[in-house]
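Coordinates as given in my_file09.txt (compact mmCIF, C-alpha atoms):
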# COMPACT_ATOMS: atom_id res chain seq x y z
CA MET A 1 -3.60 -5.30 10.24
CA TYR A 2 -4.86 -8.48 11.92
CA SER A 3 -7.93 -8.51 9.66
CA LEU A 4 -5.64 -8.58 6.62
CA PHE A 5 -3.49 -11.31 8.19
CA PHE A 6 -6.59 -13.36 9.04
CA ASN A 7 -7.93 -13.13 5.50
CA LEU A 8 -4.60 -13.90 3.86
CA ILE A 9 -3.36 -16.65 6.19
CA PHE A 10 -5.70 -18.04 8.86
CA ARG A 11 -8.86 -18.01 6.75
CA ARG A 12 -7.15 -20.26 4.20
CA MET A 13 -6.04 -22.76 6.86
CA ASP A 14 -7.97 -25.54 8.51
CA PRO A 15 -9.47 -23.86 11.62
CA GLU A 16 -8.00 -26.36 14.07
CA LYS A 17 -4.53 -26.13 12.51
CA ALA A 18 -4.75 -22.33 12.62
CA HIS A 19 -5.71 -22.53 16.28
CA HIS A 20 -2.69 -24.67 17.12
CA LEU A 21 -0.38 -22.39 15.14
CA ALA A 22 -1.61 -19.26 16.91
CA PHE A 23 -1.43 -21.11 20.21
CA ARG A 24 2.24 -21.97 19.64
CA TRP A 25 3.06 -18.34 18.86
CA ILE A 26 1.34 -17.14 22.04
CA ARG A 27 3.16 -19.71 24.17
CA LEU A 28 6.50 -18.86 22.57
CA ALA A 29 6.06 -15.13 23.13
CA ALA A 30 5.17 -15.72 26.78
CA ARG A 31 8.46 -17.62 27.29
CA ILE A 32 10.65 -14.73 26.11
CA PRO A 33 10.97 -12.15 28.93
CA VAL A 34 11.56 -9.05 26.80
CA LEU A 35 8.88 -10.00 24.27
CA ARG A 36 6.22 -10.82 26.83
CA THR A 37 6.90 -7.62 28.77
CA PHE A 38 6.54 -5.55 25.61
CA ALA A 39 3.44 -7.45 24.49
CA ALA A 40 1.75 -7.03 27.87
CA ALA A 41 2.53 -3.31 27.92
CA VAL A 42 0.86 -2.88 24.54
CA LEU A 43 -1.97 -5.41 24.77
CA ALA A 44 -2.82 -5.39 28.48
CA PRO A 45 -2.94 -1.80 29.72
CA ARG A 46 -4.57 -1.45 33.14
CA TYR A 47 -7.51 0.81 33.94
CA LYS A 48 -7.97 1.45 37.65
CA GLU A 49 -11.67 2.11 37.20
CA LEU A 50 -12.19 -1.41 35.84
CA ARG A 51 -10.81 -3.22 38.88
CA VAL A 52 -13.34 -5.70 40.18
CA GLU A 53 -13.82 -8.01 43.14
CA ALA A 54 -15.53 -11.28 42.31
CA LEU A 55 -15.45 -14.85 43.55
CA GLY A 56 -13.19 -13.83 46.40
CA ARG A 57 -10.58 -12.39 44.04
CA ARG A 58 -9.41 -8.92 43.11
CA MET A 59 -9.00 -8.70 39.36
CA HIS A 60 -7.53 -6.05 37.05
CA GLY A 61 -10.81 -6.00 35.15
CA PRO A 62 -13.95 -7.99 34.35
CA PHE A 63 -12.94 -9.49 31.00
CA GLY A 64 -11.69 -13.06 30.78
CA LEU A 65 -11.03 -15.88 28.36
CA ALA A 66 -13.80 -18.46 28.18
CA ALA A 67 -13.13 -22.17 28.48
CA GLY A 68 -12.31 -24.04 25.28
CA PHE A 69 -9.30 -22.11 24.05
CA ASP A 70 -6.72 -23.43 26.52
CA LYS A 71 -8.04 -26.88 27.28
CA ASN A 72 -4.87 -28.22 28.92
CA ALA A 73 -3.53 -25.25 30.91
CA VAL A 74 -0.50 -24.70 28.70
CA ALA A 75 -0.85 -20.99 27.86
CA ILE A 76 -2.22 -19.26 30.96
CA ASP A 77 0.56 -16.67 31.06
CA GLY A 78 0.27 -16.18 27.32
CA MET A 79 -3.41 -15.33 27.58
CA ALA A 80 -2.78 -13.01 30.54
CA MET A 81 -0.09 -11.35 28.41
CA LEU A 82 -2.78 -10.64 25.81
CA GLY A 83 -4.88 -8.81 28.39
CA PHE A 84 -7.39 -11.33 29.73
CA ASP A 85 -8.14 -10.57 33.38
CA HIS A 86 -9.04 -14.16 34.15
CA VAL A 87 -8.39 -17.35 32.22
CA GLU A 88 -10.71 -20.34 32.36
CA ILE A 89 -9.00 -23.54 31.26
CA GLY A 90 -10.69 -26.74 30.11
CA THR A 91 -13.01 -28.36 29.73
CA VAL A 92 -11.00 -31.04 31.58
CA THR A 93 -12.33 -34.58 32.07
CA ALA A 94 -11.29 -37.22 34.59
CA GLU A 95 -9.74 -39.39 31.90
CA PRO A 96 -7.70 -38.20 28.89
CA GLN A 97 -9.59 -38.37 25.63
CA PRO A 98 -8.86 -37.44 22.01
CA GLY A 99 -12.24 -35.87 21.35
CA ASN A 100 -14.36 -36.40 18.29
CA PRO A 101 -12.96 -37.31 14.87
CA LYS A 102 -11.67 -34.46 12.70
CA LYS A 103 -12.86 -32.29 10.99
CA ARG A 104 -14.57 -30.83 14.05
CA LEU A 105 -14.11 -27.05 13.99
CA PHE A 106 -15.71 -24.77 11.41
CA ARG A 107 -15.66 -21.03 10.79
CA LEU A 108 -18.80 -19.21 9.71
CA VAL A 109 -16.96 -16.04 8.73
CA PRO A 110 -19.92 -13.98 7.39
CA ASP A 111 -21.72 -14.66 10.68
CA ARG A 112 -18.60 -14.10 12.85
CA ALA A 113 -19.30 -17.49 14.38
CA LEU A 114 -17.78 -20.90 14.98
CA ILE A 115 -19.23 -24.40 15.09
CA ASN A 116 -17.31 -26.94 17.11
CA ARG A 117 -17.82 -30.56 17.96
CA MET A 118 -14.43 -31.00 19.62
CA GLY A 119 -15.79 -33.40 22.23
CA PHE A 120 -13.73 -32.35 25.27
CA ASN A 121 -10.36 -33.31 23.77
CA ASN A 122 -7.92 -32.93 26.67
CA ASP A 123 -5.05 -34.56 28.55
CA GLY A 124 -7.18 -35.60 31.53
CA SER A 125 -7.39 -34.13 35.01
CA ALA A 126 -4.32 -35.94 36.41
CA ALA A 127 -2.03 -34.52 33.72
CA VAL A 128 -3.54 -31.05 33.94
CA ALA A 129 -3.25 -31.07 37.74
CA ALA A 130 0.43 -31.99 37.46
CA ARG A 131 0.97 -29.19 34.97
CA LEU A 132 -0.70 -26.65 37.25
CA ALA A 133 1.28 -27.88 40.26
CA ALA A 134 4.53 -27.30 38.38
CA ARG A 135 3.50 -23.89 37.05
CA ASN A 136 5.52 -20.80 37.98
CA PRO A 137 3.22 -17.88 37.07
CA VAL A 138 4.71 -14.85 35.34
CA PHE A 139 1.55 -12.71 35.35
CA ARG A 140 -1.01 -12.40 38.11
CA THR A 141 -4.29 -13.68 36.76
CA THR A 142 -7.35 -15.43 38.14
CA LEU A 143 -7.54 -19.08 37.08
CA GLY A 144 -10.82 -20.85 36.49
CA VAL A 145 -10.92 -24.62 35.96
CA ASN A 146 -13.80 -25.99 33.93
CA ILE A 147 -14.58 -29.71 34.38
CA GLY A 148 -16.82 -32.04 32.40
CA LYS A 149 -17.85 -35.67 32.03
CA THR A 150 -15.59 -38.22 30.37
CA LYS A 151 -17.38 -39.38 27.21
CA VAL A 152 -17.25 -43.14 27.92
CA VAL A 153 -18.59 -42.73 31.46
CA PRO A 154 -22.30 -43.62 31.69
CA GLU A 155 -24.66 -40.89 32.83
CA ASP A 156 -25.40 -42.73 36.08
CA GLU A 157 -21.67 -42.64 36.94
CA ALA A 158 -21.18 -38.98 36.06
CA ILE A 159 -21.05 -37.74 39.65
CA ALA A 160 -18.07 -39.94 40.52
CA ASP A 161 -16.34 -38.78 37.33
CA TYR A 162 -16.76 -35.10 38.23
CA VAL A 163 -15.66 -35.79 41.81
CA THR A 164 -12.43 -37.37 40.57
CA SER A 165 -11.58 -34.25 38.57
CA THR A 166 -12.57 -32.03 41.49
CA GLU A 167 -10.26 -33.86 43.87
CA ARG A 168 -7.37 -33.47 41.45
CA LEU A 169 -7.94 -29.89 40.33
CA ALA A 170 -9.75 -27.91 43.02
CA GLY A 171 -6.54 -27.08 44.87
CA HIS A 172 -5.16 -25.34 41.78
CA ALA A 173 -8.32 -23.38 40.92
CA ASP A 174 -9.30 -19.86 41.92
CA TYR A 175 -12.78 -20.99 40.92
CA LEU A 176 -14.23 -24.26 39.65
CA VAL A 177 -16.87 -24.65 36.92
CA VAL A 178 -19.14 -27.64 36.40
CA ASN A 179 -19.85 -27.84 32.67
CA VAL A 180 -23.13 -29.62 31.96
CA SER A 181 -23.97 -27.70 28.81
CA SER A 182 -21.74 -28.80 25.94
CA PRO A 183 -23.75 -30.43 23.15
CA ASN A 184 -20.80 -32.60 22.09
CA THR A 185 -20.78 -35.20 24.89
CA PRO A 186 -23.72 -37.62 24.73
CA GLY A 187 -26.10 -37.21 27.67
CA LEU A 188 -24.23 -34.27 29.18
CA ARG A 189 -27.01 -31.72 28.79
CA ASN A 190 -29.40 -34.04 30.60
CA LEU A 191 -27.44 -33.15 33.74
CA GLN A 192 -28.82 -29.59 33.55
CA ALA A 193 -32.18 -30.89 34.80
CA VAL A 194 -32.45 -29.86 38.44
CA ASP A 195 -33.07 -33.41 39.67
CA HIS A 196 -29.70 -34.43 38.19
CA LEU A 197 -27.91 -31.16 38.82
CA ARG A 198 -28.62 -30.94 42.57
CA PRO A 199 -26.78 -34.14 43.59
CA LEU A 200 -23.96 -33.41 41.11
CA LEU A 201 -23.27 -29.91 42.43
CA THR A 202 -23.64 -31.09 46.02
CA ALA A 203 -21.08 -33.85 45.47
CA VAL A 204 -18.62 -31.51 43.74
CA ARG A 205 -19.01 -28.93 46.52
CA GLU A 206 -18.32 -31.58 49.16
CA ALA A 207 -15.31 -32.91 47.22
CA ALA A 208 -13.83 -29.42 46.84
CA ASP A 209 -14.28 -28.71 50.56
CA ARG A 210 -12.81 -32.05 51.48
CA THR A 211 -9.81 -31.60 49.21
CA VAL A 212 -9.03 -27.94 49.86
CA THR A 213 -9.24 -27.16 53.57
CA GLY A 214 -7.43 -23.83 53.78
CA ARG A 215 -9.93 -21.85 51.70
CA ARG A 216 -13.28 -22.16 49.99
CA VAL A 217 -13.02 -22.76 46.26
CA PRO A 218 -15.88 -20.91 44.52
CA LEU A 219 -18.14 -23.24 42.54
CA LEU A 220 -20.05 -22.26 39.39
CA VAL A 221 -22.18 -24.03 36.82
CA LYS A 222 -22.22 -23.30 33.08
CA ILE A 223 -25.56 -23.57 31.30
CA ALA A 224 -26.74 -23.69 27.70
CA PRO A 225 -28.66 -20.95 25.87
CA ASP A 226 -31.08 -23.62 24.68
CA LEU A 227 -32.68 -24.12 28.08
CA ALA A 228 -36.36 -23.18 28.27
CA ASP A 229 -37.07 -20.12 30.38
CA GLU A 230 -38.62 -22.20 33.16
CA ASP A 231 -35.49 -24.36 33.28
CA VAL A 232 -33.30 -21.25 33.53
CA ASP A 233 -35.44 -20.20 36.49
CA ALA A 234 -35.06 -23.65 38.06
CA VAL A 235 -31.26 -23.50 37.78
CA ALA A 236 -31.28 -20.01 39.27
CA ASP A 237 -33.38 -21.17 42.22
CA LEU A 238 -31.12 -24.19 42.72
CA ALA A 239 -28.03 -21.98 42.75
CA VAL A 240 -29.53 -19.92 45.57
CA GLU A 241 -30.68 -23.03 47.42
CA LEU A 242 -27.24 -24.65 47.30
CA GLY A 243 -25.29 -21.47 47.96
CA LEU A 244 -23.60 -21.75 44.58
CA ASP A 245 -21.07 -19.00 43.91
CA GLY A 246 -21.91 -18.35 40.31
CA ILE A 247 -23.57 -19.20 37.00
CA ILE A 248 -21.95 -18.83 33.58
CA ALA A 249 -24.43 -17.90 30.86
CA THR A 250 -24.06 -19.30 28.29
CA ASN A 251 -22.37 -22.13 26.41
CA THR A 252 -22.78 -22.82 22.68
CA THR A 253 -26.14 -23.43 21.02
CA ILE A 254 -27.49 -26.23 18.87
CA ALA A 255 -30.01 -23.80 17.30
CA ARG A 256 -29.62 -22.85 13.65
CA ASP A 257 -32.86 -21.92 11.87
CA THR A 258 -33.84 -19.09 14.22
CA LEU A 259 -30.49 -17.27 14.14
CA GLY A 260 -30.62 -15.68 10.68
CA LEU A 261 -27.34 -17.24 9.60
CA VAL A 262 -26.01 -16.19 6.18
CA SER A 263 -23.01 -18.50 5.84
CA ASP A 264 -22.79 -21.44 3.43
CA PRO A 265 -25.78 -23.70 4.26
CA ALA A 266 -23.53 -26.75 4.20
CA LEU A 267 -21.42 -25.23 6.99
CA VAL A 268 -24.44 -24.05 8.94
CA GLN A 269 -25.79 -27.59 9.11
CA GLU A 270 -22.60 -29.07 10.58
CA THR A 271 -23.40 -30.65 13.93
CA GLY A 272 -21.94 -29.20 17.09
CA GLY A 273 -22.22 -26.12 19.23
CA LEU A 274 -22.43 -22.75 17.55
CA SER A 275 -20.76 -19.78 19.22
CA GLY A 276 -20.05 -16.17 18.37
CA ALA A 277 -22.23 -13.26 17.26
CA PRO A 278 -25.42 -15.27 16.52
CA VAL A 279 -25.62 -16.39 20.16
CA ARG A 280 -25.45 -12.83 21.49
CA GLU A 281 -29.15 -12.09 21.91
CA ARG A 282 -30.18 -15.37 23.53
CA SER A 283 -27.21 -15.32 25.88
CA LEU A 284 -28.15 -11.81 26.93
CA GLU A 285 -31.77 -12.89 27.47
CA VAL A 286 -30.69 -15.78 29.69
CA LEU A 287 -28.40 -13.49 31.68
CA ARG A 288 -31.20 -10.97 32.23
CA ARG A 289 -33.54 -13.71 33.37
CA LEU A 290 -30.96 -15.09 35.79
CA TYR A 291 -30.24 -11.69 37.34
CA ALA A 292 -33.94 -10.95 37.72
CA ARG A 293 -34.18 -14.21 39.66
CA VAL A 294 -31.00 -14.17 41.78
CA GLY A 295 -30.01 -10.51 41.96
CA ASP A 296 -26.70 -10.03 43.73
CA ARG A 297 -26.89 -13.33 45.61
CA VAL A 298 -25.05 -15.25 42.88
CA THR A 299 -22.18 -13.98 40.72
CA LEU A 300 -23.07 -14.10 37.04
CA ILE A 301 -20.58 -14.39 34.20
CA GLY A 302 -21.80 -13.35 30.76
CA VAL A 303 -20.39 -15.11 27.70
CA GLY A 304 -21.59 -15.68 24.16
CA GLY A 305 -21.20 -13.27 21.26
CA ILE A 306 -19.12 -10.65 23.07
CA ALA A 307 -17.16 -9.02 20.25
CA THR A 308 -17.08 -5.36 21.29
CA ALA A 309 -16.90 -3.22 24.40
CA GLU A 310 -20.55 -2.39 23.89
CA ASP A 311 -21.43 -6.09 24.00
CA ALA A 312 -19.52 -6.42 27.28
CA TRP A 313 -21.11 -3.26 28.71
CA GLN A 314 -24.61 -4.54 27.93
CA ARG A 315 -23.83 -7.77 29.83
CA ILE A 316 -22.65 -5.79 32.84
CA LEU A 317 -25.77 -3.62 32.84
CA ALA A 318 -27.83 -6.82 32.52
CA GLY A 319 -26.26 -8.33 35.64
CA ALA A 320 -22.85 -9.81 34.79
CA THR A 321 -20.04 -9.10 37.23
CA LEU A 322 -17.58 -10.73 34.83
CA VAL A 323 -17.68 -11.28 31.07
CA GLN A 324 -15.80 -13.69 28.83
CA GLY A 325 -14.93 -14.06 25.17
CA TYR A 326 -13.54 -16.71 22.87
CA SER A 327 -14.98 -16.86 19.35
CA ALA A 328 -14.51 -13.13 18.74
CA PHE A 329 -10.85 -13.51 19.70
CA ILE A 330 -10.40 -15.66 16.58
CA TYR A 331 -11.77 -12.85 14.41
CA GLU A 332 -10.49 -9.79 16.30
CA GLY A 333 -6.97 -10.99 17.07
CA PRO A 334 -4.44 -9.96 19.72
CA PHE A 335 -5.88 -6.47 20.29
CA TYR A 336 -9.26 -7.93 21.26
CA ALA A 337 -8.92 -7.62 25.04
CA ARG A 338 -7.26 -4.21 24.77
CA ALA A 339 -10.21 -2.87 22.76
CA ILE A 340 -12.72 -4.30 25.24
CA HIS A 341 -10.92 -2.71 28.19
CA LYS A 342 -10.51 0.66 26.51
CA GLY A 343 -14.16 0.77 25.47
CA LEU A 344 -15.43 -0.34 28.87
CA ALA A 345 -13.38 2.31 30.65
CA ALA A 346 -14.77 4.98 28.33
CA ARG A 347 -18.35 3.81 28.85
CA LEU A 348 -17.95 3.76 32.61
CA ARG A 349 -16.50 7.29 32.63
CA ASN A 350 -19.43 8.54 30.54
CA SER A 351 -22.04 6.73 32.64
CA PRO A 352 -23.82 7.80 35.82
CA TYR A 353 -22.11 5.00 37.77
CA ALA A 354 -19.21 5.73 40.09
CA THR A 355 -17.79 2.22 39.89
CA LEU A 356 -18.11 -0.81 37.69
CA ALA A 357 -19.83 -2.62 40.57
CA ASP A 358 -22.54 0.08 40.53
CA ALA A 359 -23.21 -0.70 36.85
CA VAL A 360 -23.78 -4.43 37.43
CA GLY A 361 -27.48 -5.09 36.96
CA ALA A 362 -28.23 -1.38 36.62
CA GLU A 363 -30.86 -1.87 33.94
CA HIS A 364 -32.93 -3.95 36.37
CA LYS A 365 -32.56 -1.45 39.20
CA LYS A 366 -33.63 1.38 36.93
CA VAL A 367 -36.80 -0.46 36.05
CA THR A 368 -37.66 -1.29 39.65
CA ALA A 369 -36.63 2.07 41.15
Represent the structure of the file as structure tokens.
Amino acid sequence: MYSLFFNLIFRRMDPEKAHHLAFRWIRLAARIPVLRTFAAAVLAPRYKELRVEALGRRMHGPFGLAAGFDKNAVAIDGMAMLGFDHVEIGTVTAEPQPGNPKKRLFRLVPDRALINRMGFNNDGSAAVAARLAARNPVFRTTLGVNIGKTKVVPEDEAIADYVTSTERLAGHADYLVVNVSSPNTPGLRNLQAVDHLRPLLTAVREAADRTVTGRRVPLLVKIAPDLADEDVDAVADLAVELGLDGIIATNTTIARDTLGLVSDPALVQETGGLSGAPVRERSLEVLRRLYARVGDRVTLIGVGGIATAEDAWQRILAGATLVQGYSAFIYEGPFYARAIHKGLAARLRNSPYATLADAVGAEHKKVTA
């Protein structure tokens, strides 16, 4: 049904306009008590065997919404209603910014992919913090807050920019993510180099601890699939050194020629970060490399090309405690999370693992046993 609707309606619309239209519908449904209760019953069934503990939180399951869909924290309950076990908002910057000029979002339908060069369009951390402070949650869900660098801020002032957002947002976050991997903010990916990343993460950690004194806000970093293997290893080692809580692998890619894309060449060559099915293999490779390096010492979140329950299951076996989706949601529609949960529960029941936690990283343990 959704596939027909997508082809008849959304596919014919500008991708960003379609996003905003769908977003309005989700927000509206979440405001109507009877409708949201019915929607959650259908779209967000709970499976006891999928319950997970991660980042100091107990969650209904491992599957969450990746950053980028709800940039301004306006539809958290709506996304929980659709079955996402955790919702990561953002990316939020210290100052409000409109993002890059339109057109900036493109669908590569034959490849089940997206290209975006949104440029961290958001209301700014002060406005988002105020919105979160006023929020009265309807559904229990874990909230991640993803922060990035304001575009006009020079690279040598990036730390202060991230600290500002941390001071405003950490108190509202169940976990905090430092995004240094979007290709759409000039100079941002340079911050993934360990020499730059160490002082940045240290400053954000100190700011979070200084701002939130009653608990420890878990801190994660999100990295790109385009990092060389030795750089992935360096980030992994840094995470252990700093006592980082987690790593999210991975963001979008700037690669094109090596991905076997079959969409219109003019679309393929649009600048920006590519997400969806073509990123699946490299994201999985990065995740495997990270787990081989850090084991269970750092929580790993797998994202990038997760369209099916099998995709999510492979990330868990490779070392992900949590998994996230976004691009596939555009193509799969409102039953996306439900299908992931149902398929994961079936795979766990048919596996040799007693719990989902036992399955995390199992492919590595099998090799080394």
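Our summary of the geometry notes that atom CA of A:Asn350 is positioned 26.8 Å from atom CA of A:Val286.
Nearest-residue note for A:Thr91: choosing from A:Arg216, A:Lys222, A:His196, A:Arg131, the minimum distance belongs to A:Lys222, counting all atoms listed in the file.
The closest residue to A:Ala318, picked from A:Ser3, A:Thr150, A:Ser283, A:Ser351 and counting all atoms listed in the file, is A:Ser283.
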**Test item: which residues lie within 12 Å of (-15.3, -15.0, 18.2) counting all atoms listed in the file, as an NGL selection string** = :A and (65-66 or 68-69 or 106-115 or 252 or 274-280 or 303-308 or 324-333 or 336-337)
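Residue nearest A:Glu16, chosen from A:Ala312, A:Met118, A:Ala134, A:Met79 and counting all atoms listed in the file: A:Met118.
Of the residues under consideration (A:Leu43, A:Arg36, A:Thr93, A:Asp311), A:Thr93 shows the shortest atom-to-atom contact distance to A:Asn72 when counting all atoms listed in the file.
Interatomic distance, atom CA of A:Val163 against atom CA of A:Val74: 22.9 Å.
The residue set within 7 Å of A:Asn146, counting only C-alpha atoms and dropping same-chain residues fewer than 5 places from it, reads Ala67, Glu88, Ile89, Gly90, Thr91, Val92, Leu176, Val177, Val178 and Asn179 of chain A.
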**Asked** Between A:Asp161, A:Glu167, A:Glu363, A:Asp237, which has the minimum distance to A:Arg288 (counting all atoms listed in the file)?
**Response** A:Glu363
**Item:** For A:Ala208: contacts at 12 Å, all atoms listed in the file, fewer than 6 positions along chain excluded, given as a PyMOL selection string
**Value:** chain A and resi 162-178+201-202+214-219
**Request:** Excluding A:Val52 and residues on its chain fewer than 2 positions from it, collect all residues at most 10 Å away from it, counting only C-alpha atoms, and give them as a PyMOL selection string.
**Result:** chain A and resi 48-50+54-55+57-63+85+321-322+355-357
Just need the box for stretch 342-359 of chain A, edges along x, y and z, holding every atom the file lists for it with 4 Å tacked onto each side, so centre and edge lengths in Å to one decimal, as JSON.
{"center_x": -17.2, "center_y": 3.0, "center_z": 33.0, "size_x": 21.3, "size_y": 19.2, "size_z": 23.1}
